[in-house]
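Chemist: Contents of upload_35.cif (mmCIF, C-alpha atoms) are given next:
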```cif
data_run
#
loop_
_atom_site.group_PDB
_atom_site.id
_atom_site.type_symbol
_atom_site.label_atom_id
_atom_site.label_comp_id
_atom_site.auth_asym_id
_atom_site.auth_seq_id
_atom_site.Cartn_x
_atom_site.Cartn_y
_atom_site.Cartn_z
ATOM 1 C CA MET A 12 0.000 0.000 0.000
ATOM 2 C CA LYS A 13 2.837 2.384 0.837
ATOM 3 C CA ARG A 14 4.505 1.678 -2.505
ATOM 4 C CA VAL A 15 1.249 2.388 -4.322
ATOM 5 C CA ARG A 16 0.792 5.676 -2.471
ATOM 6 C CA VAL A 17 4.365 6.746 -3.132
ATOM 7 C CA THR A 18 3.924 5.914 -6.821
ATOM 8 C CA ASP A 19 0.675 7.900 -6.996
ATOM 9 C CA ILE A 20 2.258 10.897 -5.291
ATOM 10 C CA LEU A 21 5.268 10.726 -7.608
ATOM 11 C CA GLU A 22 3.066 10.537 -10.710
ATOM 12 C CA LYS A 23 0.999 13.522 -9.574
ATOM 13 C CA ALA A 24 4.139 15.495 -8.767
ATOM 14 C CA ILE A 25 5.561 14.805 -12.225
ATOM 15 C CA CYS A 26 2.260 15.793 -13.859
ATOM 16 C CA LEU A 27 2.175 19.051 -11.888
ATOM 17 C CA LEU A 28 5.788 19.782 -12.846
ATOM 18 C CA VAL A 29 5.088 19.174 -16.532
ATOM 19 C CA MET A 30 1.942 21.335 -16.341
ATOM 20 C CA PHE A 31 3.955 24.134 -14.734
ATOM 21 C CA LEU A 32 6.676 23.946 -17.397
ATOM 22 C CA VAL A 33 4.066 24.060 -20.172
ATOM 23 C CA LEU A 34 1.907 26.841 -18.712
ATOM 24 C CA PHE A 35 4.614 29.113 -17.313
ATOM 25 C CA PRO A 36 5.704 30.647 -20.678
ATOM 26 C CA PHE A 37 2.091 31.449 -21.582
ATOM 27 C CA LEU A 38 1.350 32.960 -18.174
ATOM 28 C CA TRP A 39 4.577 34.976 -18.374
ATOM 29 C CA MET A 40 3.550 36.278 -21.802
ATOM 30 C CA VAL A 41 0.172 37.403 -20.446
ATOM 31 C CA SER A 42 1.847 39.080 -17.478
ATOM 32 C CA MET A 43 4.316 40.941 -19.705
ATOM 33 C CA SER A 44 1.453 42.233 -21.851
ATOM 34 C CA PHE A 45 0.115 44.297 -18.951
ATOM 35 C CA LYS A 46 3.395 45.543 -17.425
ATOM 36 C CA THR A 47 4.912 48.986 -17.891
ATOM 37 C CA ASP A 48 8.123 49.355 -19.899
ATOM 38 C CA ALA A 49 10.094 50.122 -16.746
ATOM 39 C CA GLU A 50 8.844 47.003 -15.008
ATOM 40 C CA ILE A 51 9.561 44.854 -18.065
ATOM 41 C CA MET A 52 13.208 45.949 -18.028
ATOM 42 C CA SER A 53 13.597 45.867 -14.244
ATOM 43 C CA PHE A 54 15.845 43.355 -12.479
ATOM 44 C CA PRO A 55 15.110 41.107 -10.740
ATOM 45 C CA PRO A 56 11.980 40.458 -12.813
ATOM 46 C CA THR A 57 8.567 40.149 -11.219
ATOM 47 C CA PHE A 58 5.891 37.726 -12.323
ATOM 48 C CA PHE A 59 2.768 39.758 -11.495
ATOM 49 C CA PRO A 60 2.616 43.364 -12.754
ATOM 50 C CA LYS A 61 2.912 45.910 -9.962
ATOM 51 C CA GLU A 62 1.222 48.535 -12.113
ATOM 52 C CA PHE A 63 -1.457 47.209 -14.465
ATOM 53 C CA THR A 64 -1.496 48.998 -17.841
ATOM 54 C CA MET A 65 -3.322 48.612 -21.156
ATOM 55 C CA LYS A 66 -0.715 50.687 -22.983
ATOM 56 C CA HIS A 67 0.702 47.845 -25.039
ATOM 57 C CA MET A 68 -2.725 46.494 -25.978
ATOM 58 C CA ILE A 69 -3.720 49.925 -27.278
ATOM 59 C CA ALA A 70 -0.386 50.444 -29.039
ATOM 60 C CA ILE A 71 -0.633 47.194 -30.973
ATOM 61 C CA TRP A 72 -3.964 48.304 -32.482
ATOM 62 C CA ASP A 73 -2.756 51.840 -33.267
ATOM 63 C CA ARG A 74 0.627 51.069 -34.814
ATOM 64 C CA ILE A 75 -0.222 48.200 -37.173
ATOM 65 C CA PRO A 76 -3.403 47.247 -39.104
ATOM 66 C CA LEU A 77 -4.061 44.400 -36.692
ATOM 67 C CA MET A 78 -7.596 43.666 -37.883
ATOM 68 C CA THR A 79 -6.340 43.263 -41.463
ATOM 69 C CA TYR A 80 -3.641 40.866 -40.280
ATOM 70 C CA ILE A 81 -6.173 38.862 -38.269
ATOM 71 C CA LYS A 82 -8.517 38.661 -41.275
ATOM 72 C CA ASN A 83 -5.700 37.487 -43.535
ATOM 73 C CA THR A 84 -4.578 34.919 -40.980
ATOM 74 C CA VAL A 85 -8.101 33.528 -40.612
ATOM 75 C CA ILE A 86 -8.594 33.238 -44.387
ATOM 76 C CA PHE A 87 -5.168 31.656 -44.884
ATOM 77 C CA ALA A 88 -5.078 29.273 -41.899
ATOM 78 C CA VAL A 89 -8.733 28.182 -41.995
ATOM 79 C CA GLY A 90 -8.672 27.834 -45.789
ATOM 80 C CA VAL A 91 -5.570 25.642 -45.686
ATOM 81 C CA ALA A 92 -7.035 23.575 -42.842
ATOM 82 C CA PHE A 93 -10.320 22.870 -44.662
ATOM 83 C CA VAL A 94 -8.711 22.021 -48.013
ATOM 84 C CA SER A 95 -5.920 19.978 -46.447
ATOM 85 C CA VAL A 96 -8.259 17.934 -44.247
ATOM 86 C CA MET A 97 -10.461 17.009 -47.206
ATOM 87 C CA ILE A 98 -7.595 16.045 -49.535
ATOM 88 C CA ASP A 99 -5.604 14.284 -46.802
ATOM 89 C CA SER A 100 -8.629 12.251 -45.733
ATOM 90 C CA LEU A 101 -9.356 11.159 -49.318
ATOM 91 C CA ALA A 102 -5.725 10.182 -49.868
ATOM 92 C CA GLY A 103 -5.559 8.474 -46.479
ATOM 93 C CA TYR A 104 -8.646 6.420 -47.288
ATOM 94 C CA ALA A 105 -7.178 5.389 -50.649
ATOM 95 C CA PHE A 106 -3.871 4.270 -49.119
ATOM 96 C CA ALA A 107 -5.594 2.469 -46.241
ATOM 97 C CA ARG A 108 -8.500 0.708 -47.982
ATOM 98 C CA MET A 109 -8.017 0.606 -51.737
ATOM 99 C CA ARG A 110 -5.763 -1.875 -53.530
ATOM 100 C CA PHE A 111 -3.803 -0.576 -56.510
ATOM 101 C CA LYS A 112 -0.396 -1.154 -58.045
ATOM 102 C CA GLY A 113 2.463 0.704 -56.359
ATOM 103 C CA ARG A 114 0.345 1.794 -53.405
ATOM 104 C CA ASP A 115 2.986 1.184 -50.735
ATOM 105 C CA ARG A 116 5.783 2.676 -52.834
ATOM 106 C CA ILE A 117 3.808 5.844 -53.499
ATOM 107 C CA PHE A 118 2.954 6.132 -49.818
ATOM 108 C CA GLY A 119 6.634 5.661 -48.932
ATOM 109 C CA LEU A 120 7.613 8.451 -51.328
ATOM 110 C CA ILE A 121 5.029 10.738 -49.722
ATOM 111 C CA LEU A 122 6.495 10.019 -46.288
ATOM 112 C CA LEU A 123 9.982 10.810 -47.605
ATOM 113 C CA THR A 124 8.862 14.368 -48.332
ATOM 114 C CA MET A 125 8.507 14.895 -44.559
ATOM 115 C CA MET A 126 12.308 14.696 -44.321
ATOM 116 C CA VAL A 127 12.882 17.519 -46.835
ATOM 117 C CA PRO A 128 13.279 20.889 -45.044
ATOM 118 C CA PHE A 129 11.107 23.736 -46.258
ATOM 119 C CA GLN A 130 14.213 25.872 -46.815
ATOM 120 C CA ILE A 131 15.176 23.584 -49.717
ATOM 121 C CA THR A 132 11.862 23.939 -51.562
ATOM 122 C CA MET A 133 11.048 27.565 -50.750
ATOM 123 C CA ILE A 134 12.905 29.119 -53.711
ATOM 124 C CA PRO A 135 11.442 26.737 -56.367
ATOM 125 C CA LEU A 136 8.017 27.217 -54.770
ATOM 126 C CA TYR A 137 8.347 30.995 -54.927
ATOM 127 C CA ILE A 138 9.387 30.869 -58.609
ATOM 128 C CA GLU A 139 6.492 28.519 -59.412
ATOM 129 C CA THR A 140 3.848 30.728 -57.808
ATOM 130 C CA TYR A 141 5.363 33.781 -59.498
ATOM 131 C CA LYS A 142 5.230 32.123 -62.934
ATOM 132 C CA LEU A 143 1.613 31.099 -62.327
ATOM 133 C CA GLY A 144 0.690 34.669 -61.427
ATOM 134 C CA ILE A 145 -0.750 33.788 -58.022
ATOM 135 C CA LEU A 146 1.931 35.375 -55.863
ATOM 136 C CA ASN A 147 0.590 37.714 -53.175
ATOM 137 C CA THR A 148 -2.890 36.134 -53.335
ATOM 138 C CA PHE A 149 -4.806 33.844 -51.006
ATOM 139 C CA VAL A 150 -4.905 31.190 -53.734
ATOM 140 C CA GLY A 151 -1.127 31.301 -53.964
ATOM 141 C CA MET A 152 -0.852 30.915 -50.188
ATOM 142 C CA ILE A 153 -3.403 28.113 -49.814
ATOM 143 C CA LEU A 154 -2.748 25.986 -52.921
ATOM 144 C CA PRO A 155 0.844 24.869 -52.118
ATOM 145 C CA ARG A 156 -0.363 23.613 -48.733
ATOM 146 C CA ALA A 157 -3.500 21.899 -49.977
ATOM 147 C CA ALA A 158 -2.136 18.537 -48.786
ATOM 148 C CA THR A 159 0.495 17.395 -46.296
ATOM 149 C CA ALA A 160 2.392 14.136 -45.896
ATOM 150 C CA TYR A 161 1.678 14.149 -42.167
ATOM 151 C CA GLY A 162 -2.058 14.600 -42.740
ATOM 152 C CA ILE A 163 -2.175 11.683 -45.198
ATOM 153 C CA PHE A 164 -0.223 9.525 -42.751
ATOM 154 C CA PHE A 165 -2.496 10.532 -39.874
ATOM 155 C CA MET A 166 -5.752 9.821 -41.725
ATOM 156 C CA ARG A 167 -4.420 6.541 -43.125
ATOM 157 C CA SER A 168 -3.612 5.411 -39.584
ATOM 158 C CA PHE A 169 -7.152 6.251 -38.500
ATOM 159 C CA PHE A 170 -8.806 4.412 -41.403
ATOM 160 C CA LEU A 171 -6.672 1.332 -40.745
ATOM 161 C CA GLY A 172 -8.181 1.161 -37.267
ATOM 162 C CA LEU A 173 -11.772 0.917 -38.537
ATOM 163 C CA PRO A 174 -13.396 -2.523 -39.031
ATOM 164 C CA VAL A 175 -13.194 -3.912 -42.560
ATOM 165 C CA ASP A 176 -16.691 -5.419 -42.202
ATOM 166 C CA LEU A 177 -18.247 -1.960 -42.546
ATOM 167 C CA GLU A 178 -17.023 -1.354 -46.092
ATOM 168 C CA GLU A 179 -17.612 -4.963 -47.147
ATOM 169 C CA ALA A 180 -21.244 -4.679 -46.086
ATOM 170 C CA ALA A 181 -21.500 -1.369 -47.954
ATOM 171 C CA ARG A 182 -20.083 -2.948 -51.130
ATOM 172 C CA ILE A 183 -22.665 -5.716 -50.909
ATOM 173 C CA ASP A 184 -25.327 -2.990 -50.768
ATOM 174 C CA GLY A 185 -23.953 -1.561 -54.010
ATOM 175 C CA LEU A 186 -21.935 1.437 -52.803
ATOM 176 C CA ASN A 187 -18.805 2.428 -54.707
ATOM 177 C CA GLU A 188 -15.596 3.662 -53.040
ATOM 178 C CA LEU A 189 -16.705 7.296 -53.002
ATOM 179 C CA GLY A 190 -20.054 6.321 -51.515
ATOM 180 C CA ILE A 191 -18.350 4.244 -48.824
ATOM 181 C CA TYR A 192 -16.104 7.192 -47.968
ATOM 182 C CA LEU A 193 -18.952 9.723 -47.812
ATOM 183 C CA LYS A 194 -21.655 7.629 -46.134
ATOM 184 C CA ILE A 195 -19.693 5.193 -43.974
ATOM 185 C CA MET A 196 -16.190 6.458 -43.262
ATOM 186 C CA LEU A 197 -16.807 10.194 -43.072
ATOM 187 C CA PRO A 198 -19.270 10.068 -40.144
ATOM 188 C CA LEU A 199 -16.940 7.728 -38.230
ATOM 189 C CA CYS A 200 -13.845 9.923 -38.512
ATOM 190 C CA LYS A 201 -15.217 13.149 -37.028
ATOM 191 C CA SER A 202 -12.695 13.123 -34.177
ATOM 192 C CA ALA A 203 -9.799 12.521 -36.591
ATOM 193 C CA PHE A 204 -11.057 15.349 -38.833
ATOM 194 C CA ILE A 205 -11.175 17.791 -35.929
ATOM 195 C CA THR A 206 -7.764 16.682 -34.658
ATOM 196 C CA LEU A 207 -6.087 17.115 -38.030
ATOM 197 C CA PHE A 208 -7.929 20.407 -38.564
ATOM 198 C CA ILE A 209 -6.493 21.766 -35.296
ATOM 199 C CA PHE A 210 -2.995 20.546 -36.164
ATOM 200 C CA VAL A 211 -3.035 22.174 -39.604
ATOM 201 C CA LEU A 212 -4.713 25.339 -38.321
ATOM 202 C CA MET A 213 -2.140 25.805 -35.555
ATOM 203 C CA GLY A 214 0.787 25.185 -37.874
ATOM 204 C CA ASN A 215 -0.359 27.750 -40.422
ATOM 205 C CA TRP A 216 -1.722 30.258 -37.906
ATOM 206 C CA ASN A 217 1.700 30.569 -36.251
ATOM 207 C CA ASP A 218 3.787 30.302 -39.428
ATOM 208 C CA LEU A 219 6.039 33.270 -40.133
ATOM 209 C CA LEU A 220 8.417 32.393 -42.978
ATOM 210 C CA TYR A 221 5.954 30.967 -45.522
ATOM 211 C CA PRO A 222 3.385 33.849 -45.488
ATOM 212 C CA MET A 223 6.171 36.438 -45.648
ATOM 213 C CA MET A 224 7.675 34.659 -48.649
ATOM 214 C CA MET A 225 4.351 34.368 -50.486
ATOM 215 C CA THR A 226 3.237 37.987 -49.933
ATOM 216 C CA SER A 227 4.775 41.248 -51.068
ATOM 217 C CA SER A 228 2.293 43.827 -49.768
ATOM 218 C CA THR A 229 1.430 44.845 -46.242
ATOM 219 C CA ASN A 230 -2.285 44.311 -46.859
ATOM 220 C CA MET A 231 -1.686 40.587 -47.440
ATOM 221 C CA ARG A 232 0.533 39.934 -44.423
ATOM 222 C CA THR A 233 -0.603 37.544 -41.705
ATOM 223 C CA LEU A 234 -0.517 38.130 -37.952
ATOM 224 C CA PRO A 235 2.933 36.599 -37.202
ATOM 225 C CA ALA A 236 4.458 38.608 -40.055
ATOM 226 C CA GLY A 237 2.855 41.789 -38.729
ATOM 227 C CA LEU A 238 4.084 41.174 -35.194
ATOM 228 C CA ALA A 239 7.615 40.663 -36.540
ATOM 229 C CA MET A 240 7.713 44.415 -37.165
ATOM 230 C CA PHE A 241 8.236 44.924 -33.428
ATOM 231 C CA VAL A 242 11.374 42.780 -33.442
ATOM 232 C CA GLY A 243 14.313 44.664 -34.918
ATOM 233 C CA GLU A 244 18.008 43.964 -35.254
ATOM 234 C CA GLY A 245 19.059 46.266 -32.424
ATOM 235 C CA LEU A 246 15.840 46.756 -30.455
ATOM 236 C CA THR A 247 12.910 44.549 -29.569
ATOM 237 C CA GLU A 248 9.715 46.127 -28.254
ATOM 238 C CA VAL A 249 8.838 43.514 -25.676
ATOM 239 C CA GLY A 250 5.535 44.951 -24.475
ATOM 240 C CA PRO A 251 3.767 45.270 -27.855
ATOM 241 C CA SER A 252 5.265 41.944 -28.986
ATOM 242 C CA MET A 253 3.846 40.141 -25.961
ATOM 243 C CA ALA A 254 0.484 41.876 -26.334
ATOM 244 C CA GLY A 255 0.300 40.870 -29.985
ATOM 245 C CA ALA A 256 1.305 37.297 -29.188
ATOM 246 C CA PHE A 257 -1.426 37.171 -26.532
ATOM 247 C CA ILE A 258 -4.059 38.379 -29.012
ATOM 248 C CA SER A 259 -2.787 35.886 -31.598
ATOM 249 C CA MET A 260 -2.985 32.997 -29.132
ATOM 250 C CA LEU A 261 -6.532 33.638 -27.922
ATOM 251 C CA PRO A 262 -8.463 32.202 -30.936
ATOM 252 C CA LEU A 263 -6.450 28.961 -30.873
ATOM 253 C CA PHE A 264 -6.898 28.668 -27.125
ATOM 254 C CA VAL A 265 -10.676 29.079 -27.390
ATOM 255 C CA LEU A 266 -10.848 26.599 -30.266
ATOM 256 C CA TYR A 267 -8.856 24.005 -28.365
ATOM 257 C CA CYS A 268 -11.059 24.408 -25.272
ATOM 258 C CA PHE A 269 -14.172 23.580 -27.311
ATOM 259 C CA ALA A 270 -12.553 20.782 -29.364
ATOM 260 C CA GLN A 271 -10.387 19.200 -26.664
ATOM 261 C CA LYS A 272 -12.588 16.107 -26.358
ATOM 262 C CA TYR A 273 -12.397 15.324 -30.066
ATOM 263 C CA PHE A 274 -8.688 16.196 -30.156
ATOM 264 C CA VAL A 275 -7.772 13.660 -27.461
ATOM 265 C CA GLN A 276 -10.144 11.062 -28.938
ATOM 266 C CA GLY A 277 -8.661 11.457 -32.413
ATOM 267 C CA ILE A 278 -5.112 10.936 -31.157
ATOM 268 C CA ALA A 279 -6.130 7.921 -29.065
ATOM 269 C CA VAL A 280 -8.188 6.186 -31.765
ATOM 270 C CA SER A 281 -5.791 6.724 -34.671
ATOM 271 C CA GLY A 282 -2.907 5.057 -32.814
ATOM 272 C CA MET A 283 -0.545 6.028 -35.663
ATOM 273 C CA LYS A 284 -0.697 2.520 -37.176
ATOM 274 C CA GLY A 285 1.733 1.637 -39.899
#
```
The structure given in the file should be rewritten as structure tokens.
Modeler:
Amino acid sequence: MKRVRVTDILEKAICLLVMFLVLFPFLWMVSMSFKTDAEIMSFPPTFFPKEFTMKHMIAIWDRIPLMTYIKNTVIFAVGVAFVSVMIDSLAGYAFARMRFKGRDRIFGLILLTMMVPFQITMIPLYIETYKLGILNTFVGMILPRAATAYGIFFMRSFFLGLPVDLEEAARIDGLNELGIYLKIMLPLCKSAFITLFIFVLMGNWNDLLYPMMMTSSTNMRTLPAGLAMFVGEGLTEVGPSMAGAFISMLPLFVLYCFAQKYFVQGIAVSGMKG
């Protein structure tokens, strides 16, 4: 009994430590957003602001077109998430359930693309979008990310975990592959859809390099690119940067709070099967 209690206490202590390590940077960011400049630069630093101020929150709205950046980020990130989830799920279903020549080799080649850094493909991608005339447009930002190797792998793992009897019964009833996907598989993979949607949304919402590369005008910049204006070579405006990061984080935080159940369920059910 003593060993069990010690183990329980140790597990809870480790969980609390991990929770503290994960939450502390976010709480520190929120605290810095409401501190004065003098208190931000003071040493030793203080966690809670001694003098609460909204100066940085007001400055971030006055100095940059924040609403435009938020609108662009929503269109870009949500558009990529919707398109990517649909294409990745279709490809994942094909690689998991359909039999065709070279299936495993093609899937292996797709997985190999995960090992290629973006810095290698960014220049050819920029030239391609420029030649197509879609540079500095939402189409040019969304189209190159319409599908991801990770998303295909994730959805394939989920489909492999579903019973084969379901599609066999559907085939007996006369459904084709598209009908099986739409009427049988699609309702069963809601949790996986939401999980992948959150993954893709977060990755594109917080991306800095790709939107800056694909846009040339201020009116098309996304939120991370706009906040980068407060970080210079010799001086970093900590207060406005933290306030902007706090505003940028809020939509993702609210989304995760509402979709947490499906997020955890999607990770647990998929199991990342090979």
Chemist: Please list as a VMD selection string every residue within 12 Å of A:Leu263, counting only C-alpha atoms and excluding residues in the same chain fewer than 4 positions away.
Modeler: chain A and resid 84 to 85 88 to 89 208 to 217 256 to 259 267 to 271
Chemist: Between atom CA of A:Leu34 and atom CA of A:Ile20, measure the distance and give it in Å to one decimal.
Modeler: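 About the pair atom CA of A:Leu34 and atom CA of A:Ile20: they are 20.8 Å apart.
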Chemist: When you look at stretch 92-108 of chain A with a cut-off of 6 Å (counting all atoms listed in the file), what residues show up, excluding the ones that are within fewer than 5 positions of it in the same chain? I need them as number ranges by chain.
Modeler: A: 157-158, 162-163, 166-167, 171, 208, 211-212
Chemist: Would you kindly translate the PyMOL selection byres ((chain A and resi 137-143) around 12) into the concrete residues it picks from this file, as a PyMOL selection string?
Modeler: chain A and resi 129-136+144-155+221-227
Chemist: Please report the interatomic distance between atom CA of A:Leu238 and atom CA of A:Gly255 in Å with one decimal.
Modeler: 6.4 Å
Chemist: Give the answer as one residue: which of A:Val265, A:Ala160, A:Leu77, A:Ile69 has the shortest atom-to-atom distance to A:Thr124, using all atoms listed in the file?
Modeler: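 Answer, going by the shortest atom-to-atom distance: A:Ala160.
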Chemist: Separation of atom CA of A:Arg156 and atom CA of A:Gly172, in Å?
Modeler: 26.4 Å
Chemist: Using all atoms listed in the file, pick whichever of A:Ala254, A:Leu123, A:Ile51, A:Ile191 has the shortest atom-to-atom distance to A:Lys66.
Modeler: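 The answer is A:Ala254, which sits nearest to A:Lys66.
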Chemist: I'd like the residues picked by the PyMOL selection byres ((chain A and resi 83) around 9) written out as a PDB file with C-alpha atoms, in the frame of the given file, using the chain letters and numbers from the file.
Modeler:
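Okay, part06.pdb is ready:
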```
ATOM      1  CA  MET A  78      -7.596  43.666 -37.883  1.00  0.00           C
ATOM      2  CA  THR A  79      -6.340  43.263 -41.463  1.00  0.00           C
ATOM      3  CA  TYR A  80      -3.641  40.866 -40.280  1.00  0.00           C
ATOM      4  CA  ILE A  81      -6.173  38.862 -38.269  1.00  0.00           C
ATOM      5  CA  LYS A  82      -8.517  38.661 -41.275  1.00  0.00           C
ATOM      6  CA  THR A  84      -4.578  34.919 -40.980  1.00  0.00           C
ATOM      7  CA  VAL A  85      -8.101  33.528 -40.612  1.00  0.00           C
ATOM      8  CA  ILE A  86      -8.594  33.238 -44.387  1.00  0.00           C
ATOM      9  CA  PHE A  87      -5.168  31.656 -44.884  1.00  0.00           C
ATOM     10  CA  ALA A  88      -5.078  29.273 -41.899  1.00  0.00           C
ATOM     11  CA  PHE A 149      -4.806  33.844 -51.006  1.00  0.00           C
ATOM     12  CA  ASN A 230      -2.285  44.311 -46.859  1.00  0.00           C
ATOM     13  CA  MET A 231      -1.686  40.587 -47.440  1.00  0.00           C
ATOM     14  CA  ARG A 232       0.533  39.934 -44.423  1.00  0.00           C
ATOM     15  CA  THR A 233      -0.603  37.544 -41.705  1.00  0.00           C
ATOM     16  CA  LEU A 234      -0.517  38.130 -37.952  1.00  0.00           C
TER      17      LEU A 234
END
```
Chemist: Choose the residue, out of A:Phe37, A:Asp48, A:Phe169, A:Asp184, that has the smallest atom-to-atom separation from A:Lys201; count all atoms listed in the file.
Modeler: A:Phe169
Chemist: What lies within 12 Å of A:Leu173 using only C-alpha atoms, ignoring chain neighbours under 3 positions off, as a PyMOL selection string?
Modeler: chain A and resi 104+107-108+166-170+176-179+195-200+203+280-282+284
Chemist: Just C-alpha atoms for this one: save the residues we selected as a CSV table (one decimal), in the frame of the given file.
Modeler:
```
chain,number,residue,atom,x,y,z
A,104,TYR,CA,-8.6,6.4,-47.3
A,107,ALA,CA,-5.6,2.5,-46.2
A,108,ARG,CA,-8.5,0.7,-48.0
A,166,MET,CA,-5.8,9.8,-41.7
A,167,ARG,CA,-4.4,6.5,-43.1
A,168,SER,CA,-3.6,5.4,-39.6
A,169,PHE,CA,-7.2,6.3,-38.5
A,170,PHE,CA,-8.8,4.4,-41.4
A,176,ASP,CA,-16.7,-5.4,-42.2
A,177,LEU,CA,-18.2,-2.0,-42.5
A,178,GLU,CA,-17.0,-1.4,-46.1
A,179,GLU,CA,-17.6,-5.0,-47.1
A,195,ILE,CA,-19.7,5.2,-44.0
A,196,MET,CA,-16.2,6.5,-43.3
A,197,LEU,CA,-16.8,10.2,-43.1
A,198,PRO,CA,-19.3,10.1,-40.1
A,199,LEU,CA,-16.9,7.7,-38.2
A,200,CYS,CA,-13.8,9.9,-38.5
A,203,ALA,CA,-9.8,12.5,-36.6
A,280,VAL,CA,-8.2,6.2,-31.8
A,281,SER,CA,-5.8,6.7,-34.7
A,282,GLY,CA,-2.9,5.1,-32.8
A,284,LYS,CA,-0.7,2.5,-37.2
```
Chemist: Given the choices A:Pro262, A:Met240, A:Lys194, A:Phe204, which gets closest to A:Leu219 if the distance is worked out from only C-alpha atoms?
Modeler: A:Met240
Chemist: May I have the centre and edge lengths, in Å to one decimal, of an axis-aligned box around the listed atoms of stretch 78-87 of chain A with 6 Å added to every side, as lines of an AutoDock Vina configuration file?
Modeler:
```
center_x = -6.1
center_y = 37.7
center_z = -41.4
size_x = 17.0
size_y = 24.0
size_z = 19.0
```
Chemist: Which residue is closest to A:Met68? Choose from A:Pro251, A:Gly237, A:Ala181, A:Leu266 and count all atoms listed in the file.
Modeler: A:Pro251
